[in-house]
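run-v2.cif, holding mmCIF, C-alpha atoms:
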data_work
loop_
_atom_site.label_atom_id
_atom_site.label_comp_id
_atom_site.auth_asym_id
_atom_site.auth_seq_id
_atom_site.Cartn_x
_atom_site.Cartn_y
_atom_site.Cartn_z
CA ALA E 1 -29.82 10.25 -3.80
CA GLN E 2 -26.47 11.92 -4.33
CA SER E 3 -23.89 10.08 -2.29
CA VAL E 4 -20.71 8.06 -2.12
CA ALA E 5 -20.31 4.39 -1.27
CA GLN E 6 -17.35 2.55 0.12
CA PRO E 7 -18.03 -1.09 -0.67
CA GLU E 8 -15.43 -2.52 1.69
CA ASP E 9 -15.63 -2.15 5.47
CA GLN E 10 -12.14 -3.53 5.88
CA VAL E 11 -9.04 -3.80 3.70
CA ASN E 12 -5.99 -5.76 4.75
CA VAL E 13 -2.65 -5.48 2.97
CA ALA E 14 0.93 -6.46 3.70
CA GLU E 15 3.54 -3.78 4.22
CA GLY E 16 5.28 -2.90 0.98
CA ASN E 17 2.39 -4.06 -1.20
CA PRO E 18 0.20 -1.66 -3.16
CA LEU E 19 -3.10 -0.69 -1.58
CA THR E 20 -6.44 0.36 -2.98
CA VAL E 21 -9.41 1.68 -1.04
CA LYS E 22 -12.53 1.84 -3.18
CA CYS E 23 -15.11 4.57 -3.53
CA THR E 24 -17.98 4.97 -5.95
CA TYR E 25 -20.19 8.00 -6.30
CA SER E 26 -23.65 8.88 -7.45
CA VAL E 27 -24.12 12.56 -8.23
CA SER E 28 -25.62 14.63 -10.99
CA GLY E 29 -23.26 16.92 -12.81
CA ASN E 30 -19.54 17.08 -12.26
CA PRO E 31 -18.51 15.65 -8.89
CA TYR E 32 -16.14 17.21 -6.42
CA LEU E 33 -14.61 14.25 -4.58
CA PHE E 34 -12.46 14.06 -1.46
CA TRP E 35 -10.53 11.55 0.61
CA TYR E 36 -9.93 11.90 4.34
CA VAL E 37 -8.02 9.74 6.81
CA GLN E 38 -8.74 9.28 10.50
CA TYR E 39 -6.07 7.92 12.80
CA PRO E 40 -7.14 6.51 16.20
CA ASN E 41 -8.47 9.15 18.58
CA ARG E 42 -7.90 11.91 16.02
CA GLY E 43 -10.04 14.05 13.78
CA LEU E 44 -10.30 13.51 10.04
CA GLN E 45 -7.36 14.75 8.00
CA PHE E 46 -7.73 15.91 4.40
CA LEU E 47 -5.73 13.78 1.95
CA LEU E 48 -6.70 14.95 -1.52
CA LYS E 49 -9.51 16.15 -3.73
CA TYR E 50 -10.63 16.01 -7.34
CA ILE E 51 -12.40 18.97 -8.88
CA THR E 52 -11.44 18.92 -12.53
CA GLY E 53 -8.49 18.23 -14.79
CA ASP E 54 -6.10 15.29 -14.55
CA ASN E 55 -7.87 12.10 -13.51
CA LEU E 56 -4.95 11.12 -11.29
CA VAL E 57 -4.78 13.27 -8.19
CA LYS E 58 -1.78 13.24 -5.88
CA GLY E 59 -2.17 13.96 -2.19
CA SER E 60 -0.50 13.79 1.18
CA TYR E 61 1.64 10.91 2.53
CA GLY E 62 2.21 9.40 -0.94
CA PHE E 63 -1.47 8.72 -1.60
CA GLU E 64 -3.13 9.27 -4.94
CA ALA E 65 -6.61 8.74 -6.28
CA GLU E 66 -7.90 7.97 -9.73
CA PHE E 67 -11.11 9.54 -10.96
CA ASN E 68 -12.97 7.33 -13.43
CA LYS E 69 -16.06 8.96 -14.86
CA SER E 70 -17.31 5.93 -16.80
CA GLN E 71 -17.15 3.74 -13.70
CA THR E 72 -18.19 6.58 -11.34
CA SER E 73 -15.29 5.68 -9.08
CA PHE E 74 -12.63 7.53 -7.13
CA HIS E 75 -10.36 4.86 -5.68
CA LEU E 76 -7.56 5.76 -3.29
CA LYS E 77 -4.20 4.15 -3.99
CA LYS E 78 -0.67 3.96 -2.72
CA PRO E 79 2.15 2.04 -4.44
CA SER E 80 3.75 0.72 -1.26
CA ALA E 81 1.82 0.50 2.00
CA LEU E 82 3.30 1.33 5.38
CA VAL E 83 2.19 0.00 8.76
CA SER E 84 1.60 3.63 9.73
CA ASP E 85 -1.04 3.90 6.97
CA SER E 86 -3.35 1.77 9.11
CA ALA E 87 -6.37 3.98 9.77
CA LEU E 88 -9.97 4.68 8.82
CA TYR E 89 -10.43 6.21 5.38
CA PHE E 90 -13.44 8.23 4.27
CA CYS E 91 -14.48 9.19 0.78
CA ALA E 92 -16.71 12.25 0.42
CA VAL E 93 -18.54 14.12 -2.31
CA ARG E 94 -19.65 17.72 -2.44
CA VAL E 95 -23.39 18.02 -2.94
CA ASN E 96 -24.91 21.49 -3.19
CA ASN E 97 -22.03 23.00 -1.22
CA ASP E 98 -22.37 20.33 1.49
CA MET E 99 -20.34 17.19 1.93
CA ARG E 100 -21.62 13.64 2.06
CA PHE E 101 -19.26 11.10 3.59
CA GLY E 102 -19.05 7.40 2.96
CA ALA E 103 -19.26 4.91 5.80
CA GLY E 104 -15.49 4.54 5.95
CA THR E 105 -13.05 1.74 5.21
CA ARG E 106 -10.68 0.46 7.86
CA LEU E 107 -7.26 -0.19 6.36
CA THR E 108 -4.91 -2.51 8.21
CA VAL E 109 -1.33 -2.85 6.99
CA LYS E 110 0.45 -5.84 8.46
CA PRO E 111 4.24 -6.00 8.84
CA ASP G 1 -2.63 20.30 13.27
CA SER G 2 -5.61 21.47 11.20
CA GLY G 3 -5.98 24.81 12.96
CA VAL G 4 -9.47 23.92 14.19
CA THR G 5 -9.73 23.72 17.97
CA GLN G 6 -12.38 22.02 20.05
CA THR G 7 -13.00 22.05 23.77
CA PRO G 8 -13.32 20.11 25.92
CA LYS G 9 -11.47 17.06 24.70
CA HIS G 10 -13.43 14.72 26.95
CA LEU G 11 -16.76 15.15 28.69
CA ILE G 12 -18.45 12.73 31.05
CA THR G 13 -21.93 13.49 32.24
CA ALA G 14 -25.18 11.88 33.33
CA THR G 15 -28.42 11.23 31.51
CA GLY G 16 -30.75 14.20 31.48
CA GLN G 17 -27.98 16.74 31.68
CA ARG G 18 -27.02 19.51 29.25
CA VAL G 19 -23.56 20.17 27.83
CA THR G 20 -21.96 22.70 25.50
CA LEU G 21 -19.22 21.86 23.05
CA ARG G 22 -17.09 24.64 21.63
CA CYS G 23 -15.31 25.01 18.31
CA SER G 24 -12.95 27.64 16.94
CA PRO G 25 -12.51 27.46 13.17
CA ARG G 26 -9.30 28.00 11.24
CA SER G 27 -8.36 31.61 10.79
CA GLY G 28 -10.22 32.96 7.77
CA ASP G 29 -12.78 30.16 7.57
CA LEU G 30 -16.37 31.38 7.59
CA SER G 31 -18.17 28.05 7.51
CA VAL G 32 -18.47 25.66 10.45
CA TYR G 33 -19.86 22.14 10.45
CA TRP G 34 -20.76 19.76 13.25
CA TYR G 35 -20.63 15.97 12.97
CA GLN G 36 -21.40 13.09 15.27
CA GLN G 37 -19.38 9.90 15.01
CA SER G 38 -20.58 6.79 16.77
CA LEU G 39 -19.47 3.22 16.36
CA ASP G 40 -22.62 1.97 14.74
CA GLN G 41 -23.58 4.98 12.60
CA GLY G 42 -20.36 6.32 11.16
CA LEU G 43 -19.99 10.04 10.53
CA GLN G 44 -23.30 11.87 10.70
CA PHE G 45 -23.64 15.46 9.58
CA LEU G 46 -25.53 17.54 12.13
CA ILE G 47 -25.55 21.19 11.11
CA GLN G 48 -23.67 23.85 9.17
CA TYR G 49 -23.22 27.58 9.73
CA TYR G 50 -21.86 30.15 7.37
CA ASN G 51 -20.83 33.58 8.62
CA GLY G 52 -23.16 33.39 11.58
CA GLU G 53 -26.20 32.03 9.79
CA GLU G 54 -27.53 28.48 9.83
CA ARG G 55 -27.10 27.11 6.36
CA ALA G 56 -27.91 23.42 6.39
CA LYS G 57 -29.31 20.87 8.78
CA GLY G 58 -28.62 17.17 8.77
CA ASN G 59 -29.63 14.51 11.23
CA ILE G 60 -29.73 16.80 14.22
CA LEU G 61 -32.10 15.97 17.05
CA GLU G 62 -34.45 18.59 18.44
CA ARG G 63 -32.64 18.25 21.78
CA PHE G 64 -29.51 19.58 20.07
CA SER G 65 -28.92 23.14 18.97
CA ALA G 66 -26.00 25.16 17.74
CA GLN G 67 -24.97 28.68 16.91
CA GLN G 68 -22.11 30.57 15.36
CA PHE G 69 -21.06 33.78 17.03
CA PRO G 70 -19.82 37.04 15.45
CA ASP G 71 -16.21 36.01 16.08
CA LEU G 72 -17.06 32.84 14.07
CA HIS G 73 -16.58 30.37 16.88
CA SER G 74 -19.43 27.91 17.27
CA GLU G 75 -21.10 26.05 20.08
CA LEU G 76 -23.12 22.85 19.99
CA ASN G 77 -25.60 22.45 22.83
CA LEU G 78 -26.83 18.99 23.73
CA SER G 79 -29.67 18.74 26.24
CA SER G 80 -31.71 16.01 27.96
CA LEU G 81 -28.82 13.71 27.24
CA GLU G 82 -29.41 10.03 26.68
CA LEU G 83 -27.03 7.09 26.75
CA GLY G 84 -27.19 6.92 22.97
CA ASP G 85 -25.74 10.41 22.66
CA SER G 86 -22.37 9.06 23.72
CA ALA G 87 -20.13 9.66 20.71
CA LEU G 88 -17.32 11.69 19.25
CA TYR G 89 -18.43 15.13 18.13
CA PHE G 90 -16.35 16.81 15.47
CA CYS G 91 -16.30 20.35 14.27
CA ALA G 92 -14.93 21.21 10.84
CA SER G 93 -14.43 24.48 9.04
CA SER G 94 -13.94 25.68 5.50
CA VAL G 95 -13.44 29.02 3.82
CA VAL G 96 -16.82 28.84 2.14
CA PRO G 97 -19.49 26.13 1.95
CA GLY G 98 -18.44 23.23 -0.25
CA ASP G 99 -14.75 23.94 0.05
CA THR G 100 -12.33 21.49 1.65
CA GLN G 101 -13.27 20.93 5.27
CA TYR G 102 -10.65 20.80 8.01
CA PHE G 103 -11.54 18.89 11.12
CA GLY G 104 -10.86 19.52 14.76
CA PRO G 105 -9.63 16.80 17.13
CA GLY G 106 -13.13 16.14 18.44
CA THR G 107 -14.88 16.01 21.79
CA ARG G 108 -15.56 12.59 23.23
CA LEU G 109 -18.87 12.67 25.10
CA THR G 110 -19.73 9.89 27.49
CA VAL G 111 -23.21 9.83 28.98
CA LEU G 112 -23.57 7.56 32.01
#

Structure translated into structure tokens:
Amino acid sequence: AQSVAQPEDQVNVAEGNPLTVKCTYSVSGNPYLFWYVQYPNRGLQFLLKYITGDNLVKGSYGFEAEFNKSQTSFHLKKPSALVSDSALYFCAVRVNNDMRFGAGTRLTVKP
Amino acid sequence: DSGVTQTPKHLITATGQRVTLRCSPRSGDLSVYWYQQSLDQGLQFLIQYYNGEERAKGNILERFSAQQFPDLHSELNLSSLELGDSALYFCASSVVPGDTQYFGPGTRLTVL
């Protein structure tokens, strides 16, 4: 089945350290991949997307994601985490003009 | 602010009742999506409309129905409510199907 997987339910990182939230995909053809963030009691907010071109995609709030075709991954990264980055992060893939979301990864950044 | 609006923000009702959730997409967006988010099942896609027509169905129960009106706003109707229907219901919109989706703030439904 065409889908994305987020292998970690929870990621903990100290403020100021780099963070990585992992996502792997399984799709036929060229994938369109997305990252969204959900803060408490809010809707999902679009962070960034990969369609084609440069494998490193830059998005909102200093986040970036690296597309790796050989490893079928699209990991979300940030060089220096902030406490305010603590939230639920969703990876998604476009499948036949629909979107399939991963189960989400809860990121906690500790001061 | 994504530009997608949802009403009401909170809804508390009893089992067996029927409720209607409303969504107004971003200006210019023709496609509307409905999702259910519960603690134990993550984000579940329910249904998608494009320019007034149903386009895709996900894990939507027969007790649930939706429609998109000529002005492009959408309503999700939930009937014969059960305790397990308590969840956050999100609407999202995009210009066309498959494009970046922008989410509304959600409606929190509590069934007592």

With range 102-112 of chain G as the partner and 12 Å as the cut-off, tabulate the residues of range 24-49 of chain E that qualify, each row holding the nearest pair of atoms and their distance in Å to one decimal, using all atoms listed in the file, sorted by chain and rising number, as CSV.
residue,atom,partner,partner_atom,distance
E:Phe34,CA,G:Tyr102,CA,11.8
E:Trp35,CA,G:Tyr102,CA,11.8
E:Tyr36,CA,G:Tyr102,CA,9.7
E:Val37,CA,G:Phe103,CA,10.7
E:Gln38,CA,G:Phe103,CA,10.0
E:Tyr39,CA,G:Pro105,CA,10.5
E:Pro40,CA,G:Pro105,CA,10.6
E:Asn41,CA,G:Pro105,CA,7.9
E:Arg42,CA,G:Pro105,CA,5.3
E:Gly43,CA,G:Pro105,CA,4.4
E:Leu44,CA,G:Phe103,CA,5.6
E:Gln45,CA,G:Phe103,CA,6.7
E:Phe46,CA,G:Tyr102,CA,6.7
E:Leu47,CA,G:Tyr102,CA,10.5
E:Leu48,CA,G:Tyr102,CA,11.9

Do you know which residues are at most 8 Å from range 78-89 of chain E counting all atoms listed in the file, after dropping those on the same chain fewer than 3 positions away, and could you put them as a ChimeraX atom specification?
-> /E:13-21,35-40,62-64,104-111

Provide as JSON, numbers by chain the residues of chain G at most 12 Å from chain E, counting all atoms listed in the file.
-> {"G": [1, 2, 3, 4, 5, 6, 9, 10, 31, 32, 33, 34, 35, 36, 37, 38, 39, 40, 41, 42, 43, 44, 45, 46, 47, 48, 49, 50, 55, 56, 57, 58, 87, 88, 89, 90, 91, 92, 93, 94, 95, 96, 97, 98, 99, 100, 101, 102, 103, 104, 105, 106, 107, 108]}

With C-alpha atoms kept, could you save the residues just selected as an mmCIF file, in the frame of the given file?
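Contents of selection.cif, freshly written:
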data_model
loop_
_atom_site.group_PDB
_atom_site.id
_atom_site.type_symbol
_atom_site.label_atom_id
_atom_site.label_comp_id
_atom_site.auth_asym_id
_atom_site.auth_seq_id
_atom_site.Cartn_x
_atom_site.Cartn_y
_atom_site.Cartn_z
ATOM 1 C CA ASP G 1 -2.630 20.300 13.270
ATOM 2 C CA SER G 2 -5.610 21.470 11.200
ATOM 3 C CA GLY G 3 -5.980 24.810 12.960
ATOM 4 C CA VAL G 4 -9.470 23.920 14.190
ATOM 5 C CA THR G 5 -9.730 23.720 17.970
ATOM 6 C CA GLN G 6 -12.380 22.020 20.050
ATOM 7 C CA LYS G 9 -11.470 17.060 24.700
ATOM 8 C CA HIS G 10 -13.430 14.720 26.950
ATOM 9 C CA SER G 31 -18.170 28.050 7.510
ATOM 10 C CA VAL G 32 -18.470 25.660 10.450
ATOM 11 C CA TYR G 33 -19.860 22.140 10.450
ATOM 12 C CA TRP G 34 -20.760 19.760 13.250
ATOM 13 C CA TYR G 35 -20.630 15.970 12.970
ATOM 14 C CA GLN G 36 -21.400 13.090 15.270
ATOM 15 C CA GLN G 37 -19.380 9.900 15.010
ATOM 16 C CA SER G 38 -20.580 6.790 16.770
ATOM 17 C CA LEU G 39 -19.470 3.220 16.360
ATOM 18 C CA ASP G 40 -22.620 1.970 14.740
ATOM 19 C CA GLN G 41 -23.580 4.980 12.600
ATOM 20 C CA GLY G 42 -20.360 6.320 11.160
ATOM 21 C CA LEU G 43 -19.990 10.040 10.530
ATOM 22 C CA GLN G 44 -23.300 11.870 10.700
ATOM 23 C CA PHE G 45 -23.640 15.460 9.580
ATOM 24 C CA LEU G 46 -25.530 17.540 12.130
ATOM 25 C CA ILE G 47 -25.550 21.190 11.110
ATOM 26 C CA GLN G 48 -23.670 23.850 9.170
ATOM 27 C CA TYR G 49 -23.220 27.580 9.730
ATOM 28 C CA TYR G 50 -21.860 30.150 7.370
ATOM 29 C CA ARG G 55 -27.100 27.110 6.360
ATOM 30 C CA ALA G 56 -27.910 23.420 6.390
ATOM 31 C CA LYS G 57 -29.310 20.870 8.780
ATOM 32 C CA GLY G 58 -28.620 17.170 8.770
ATOM 33 C CA ALA G 87 -20.130 9.660 20.710
ATOM 34 C CA LEU G 88 -17.320 11.690 19.250
ATOM 35 C CA TYR G 89 -18.430 15.130 18.130
ATOM 36 C CA PHE G 90 -16.350 16.810 15.470
ATOM 37 C CA CYS G 91 -16.300 20.350 14.270
ATOM 38 C CA ALA G 92 -14.930 21.210 10.840
ATOM 39 C CA SER G 93 -14.430 24.480 9.040
ATOM 40 C CA SER G 94 -13.940 25.680 5.500
ATOM 41 C CA VAL G 95 -13.440 29.020 3.820
ATOM 42 C CA VAL G 96 -16.820 28.840 2.140
ATOM 43 C CA PRO G 97 -19.490 26.130 1.950
ATOM 44 C CA GLY G 98 -18.440 23.230 -0.250
ATOM 45 C CA ASP G 99 -14.750 23.940 0.050
ATOM 46 C CA THR G 100 -12.330 21.490 1.650
ATOM 47 C CA GLN G 101 -13.270 20.930 5.270
ATOM 48 C CA TYR G 102 -10.650 20.800 8.010
ATOM 49 C CA PHE G 103 -11.540 18.890 11.120
ATOM 50 C CA GLY G 104 -10.860 19.520 14.760
ATOM 51 C CA PRO G 105 -9.630 16.800 17.130
ATOM 52 C CA GLY G 106 -13.130 16.140 18.440
ATOM 53 C CA THR G 107 -14.880 16.010 21.790
ATOM 54 C CA ARG G 108 -15.560 12.590 23.230
#

Name every residue that the PyMOL selection byres ((chain G and resi 22) around 7) selects in this structure, writing the answer as a PyMOL selection string with chains first and numbers rising.
-> chain G and resi 6-7+20-21+23-24+74-76

Closest of E:Ile51, E:Ala5, E:Thr24, E:Asn12 to Asn68 in chain E - atom-to-atom distances counting all atoms listed in the file = E:Thr24

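Of note, CA of Leu81 in chain G and CA of Gln17 in chain G are spaced 5.4 Å apart.
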
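Take CA of Val11 in chain E and CA of Cys23 in chain E: the distance between them is 12.6 Å.
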
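Take CA of Gln6 in chain E and CA of Thr52 in chain E: the distance between them is 21.5 Å.
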
Within 8 Å of Tyr25 in chain E using only C-alpha atoms, minus same-chain residues under 6 positions, as a ChimeraX atom specification = /E:2-5,72-74,93

Would you compute the box with edges along x, y and z of the file around range 63-70 of chain G, including every atom the file lists for it and 8 Å extra on each side, and give its centre and edge lengths in Å to one decimal, as AutoDock Vina command-line options?
--center_x -26.2 --center_y 27.6 --center_z 18.6 --size_x 28.8 --size_y 34.8 --size_z 22.4

Neighbours of Leu72 in chain G within 7 Å (all atoms listed in the file; same-chain residues fewer than 4 positions away dropped), as a short mmCIF file (atom, residue, chain, number, x, y, z; two decimals) with C-alpha atoms, keeping the file's coordinate frame?
data_model
loop_
_atom_site.label_atom_id
_atom_site.label_comp_id
_atom_site.auth_asym_id
_atom_site.auth_seq_id
_atom_site.Cartn_x
_atom_site.Cartn_y
_atom_site.Cartn_z
CA LEU G 30 -16.37 31.38 7.59
CA ASN G 51 -20.83 33.58 8.62
CA GLY G 52 -23.16 33.39 11.58
CA GLN G 68 -22.11 30.57 15.36
#

Can you pull out every residue within 10 Å of Ala1 in chain E, counting all atoms listed in the file, but drop anything in the same chain fewer than 3 positions away, and send it as an mmCIF file with C-alpha atoms, keeping the file's coordinate frame?
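Written file, result24.cif:
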data_model
loop_
_atom_site.group_PDB
_atom_site.id
_atom_site.type_symbol
_atom_site.label_atom_id
_atom_site.label_comp_id
_atom_site.auth_asym_id
_atom_site.auth_seq_id
_atom_site.Cartn_x
_atom_site.Cartn_y
_atom_site.Cartn_z
ATOM 1 C CA VAL E 4 -20.710 8.060 -2.120
ATOM 2 C CA SER E 26 -23.650 8.880 -7.450
ATOM 3 C CA VAL E 27 -24.120 12.560 -8.230
ATOM 4 C CA SER E 28 -25.620 14.630 -10.990
#

Give the answer as one residue: which of G:Gly28, G:His73, G:Glu82, G:Leu11 has the shortest atom-to-atom distance to Leu61 in chain G, using only C-alpha atoms?
->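 Smallest distance to Leu61 in chain G is found for G:Glu82.
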
Skipping near chain neighbours, those fewer than 6 positions away, what residues fall within 8 Å of Phe67 in chain E using only C-alpha atoms, listed as a list of chain:residue names?
->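 What passes the distance filter is E:Tyr50, E:Asn55, E:Leu56, E:Val57, E:Ser73, E:Phe74, E:His75.
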
Missing atoms in range 31-63 of chain G need filling: write out N, CA and C atoms for it as a compact mmCIF listing (two decimals), keeping the file's coordinate frame.
# COMPACT_ATOMS: atom_id res chain seq x y z
N SER G 31 -17.17 29.11 7.41
CA SER G 31 -18.17 28.05 7.51
C SER G 31 -17.76 27.03 8.56
N VAL G 32 -18.71 26.65 9.40
CA VAL G 32 -18.47 25.66 10.45
C VAL G 32 -19.48 24.54 10.33
N TYR G 33 -19.03 23.33 10.54
CA TYR G 33 -19.86 22.14 10.45
C TYR G 33 -19.72 21.34 11.73
N TRP G 34 -20.80 20.67 12.12
CA TRP G 34 -20.76 19.76 13.25
C TRP G 34 -21.14 18.36 12.78
N TYR G 35 -20.39 17.37 13.29
CA TYR G 35 -20.63 15.97 12.97
C TYR G 35 -20.64 15.14 14.24
N GLN G 36 -21.39 14.07 14.19
CA GLN G 36 -21.40 13.09 15.27
C GLN G 36 -20.84 11.78 14.71
N GLN G 37 -19.92 11.18 15.45
CA GLN G 37 -19.38 9.90 15.01
C GLN G 37 -19.57 8.87 16.12
N SER G 38 -20.40 7.89 15.83
CA SER G 38 -20.58 6.79 16.77
C SER G 38 -20.19 5.50 16.09
N LEU G 39 -19.99 4.47 16.91
CA LEU G 39 -19.47 3.22 16.36
C LEU G 39 -20.40 2.61 15.34
N ASP G 40 -21.68 2.69 15.61
CA ASP G 40 -22.62 1.97 14.74
C ASP G 40 -23.23 2.82 13.63
N GLN G 41 -22.96 4.12 13.63
CA GLN G 41 -23.58 4.98 12.60
C GLN G 41 -22.60 5.82 11.82
N GLY G 42 -21.32 5.59 11.98
CA GLY G 42 -20.36 6.32 11.16
C GLY G 42 -20.41 7.80 11.44
N LEU G 43 -20.09 8.58 10.40
CA LEU G 43 -19.99 10.04 10.53
C LEU G 43 -21.31 10.66 10.07
N GLN G 44 -22.00 11.28 11.01
CA GLN G 44 -23.30 11.87 10.70
C GLN G 44 -23.20 13.39 10.73
N PHE G 45 -23.63 14.01 9.64
CA PHE G 45 -23.64 15.46 9.58
C PHE G 45 -24.78 16.00 10.42
N LEU G 46 -24.50 16.98 11.26
CA LEU G 46 -25.53 17.54 12.13
C LEU G 46 -26.03 18.88 11.61
N ILE G 47 -25.11 19.84 11.46
CA ILE G 47 -25.55 21.19 11.11
C ILE G 47 -24.36 21.99 10.58
N GLN G 48 -24.70 22.99 9.77
CA GLN G 48 -23.67 23.85 9.17
C GLN G 48 -24.04 25.31 9.37
N TYR G 49 -23.05 26.13 9.65
CA TYR G 49 -23.22 27.58 9.73
C TYR G 49 -22.27 28.24 8.76
N TYR G 50 -22.71 29.36 8.25
CA TYR G 50 -21.86 30.15 7.37
C TYR G 50 -21.99 31.61 7.78
N ASN G 51 -20.89 32.16 8.24
CA ASN G 51 -20.83 33.58 8.62
C ASN G 51 -21.96 33.96 9.58
N GLY G 52 -22.20 33.09 10.54
CA GLY G 52 -23.16 33.39 11.58
C GLY G 52 -24.58 32.90 11.33
N GLU G 53 -24.84 32.45 10.12
CA GLU G 53 -26.20 32.03 9.79
C GLU G 53 -26.25 30.51 9.59
N GLU G 54 -27.34 29.91 10.08
CA GLU G 54 -27.53 28.48 9.83
C GLU G 54 -27.74 28.26 8.36
N ARG G 55 -27.04 27.29 7.79
CA ARG G 55 -27.10 27.11 6.36
C ARG G 55 -27.68 25.77 5.95
N ALA G 56 -27.40 24.74 6.74
CA ALA G 56 -27.91 23.42 6.39
C ALA G 56 -28.06 22.60 7.66
N LYS G 57 -29.08 21.75 7.65
CA LYS G 57 -29.31 20.87 8.78
C LYS G 57 -29.27 19.44 8.30
N GLY G 58 -28.64 18.59 9.09
CA GLY G 58 -28.62 17.17 8.77
C GLY G 58 -29.45 16.42 9.79
N ASN G 59 -28.89 15.35 10.30
CA ASN G 59 -29.63 14.51 11.23
C ASN G 59 -29.51 15.00 12.67
N ILE G 60 -29.87 16.24 12.89
CA ILE G 60 -29.73 16.80 14.22
C ILE G 60 -31.03 16.67 14.98
N LEU G 61 -30.93 16.15 16.21
CA LEU G 61 -32.10 15.97 17.05
C LEU G 61 -32.61 17.32 17.55
N GLU G 62 -33.89 17.34 17.91
CA GLU G 62 -34.45 18.59 18.44
C GLU G 62 -33.84 18.96 19.78
N ARG G 63 -33.29 17.98 20.48
CA ARG G 63 -32.64 18.25 21.78
C ARG G 63 -31.28 18.94 21.59
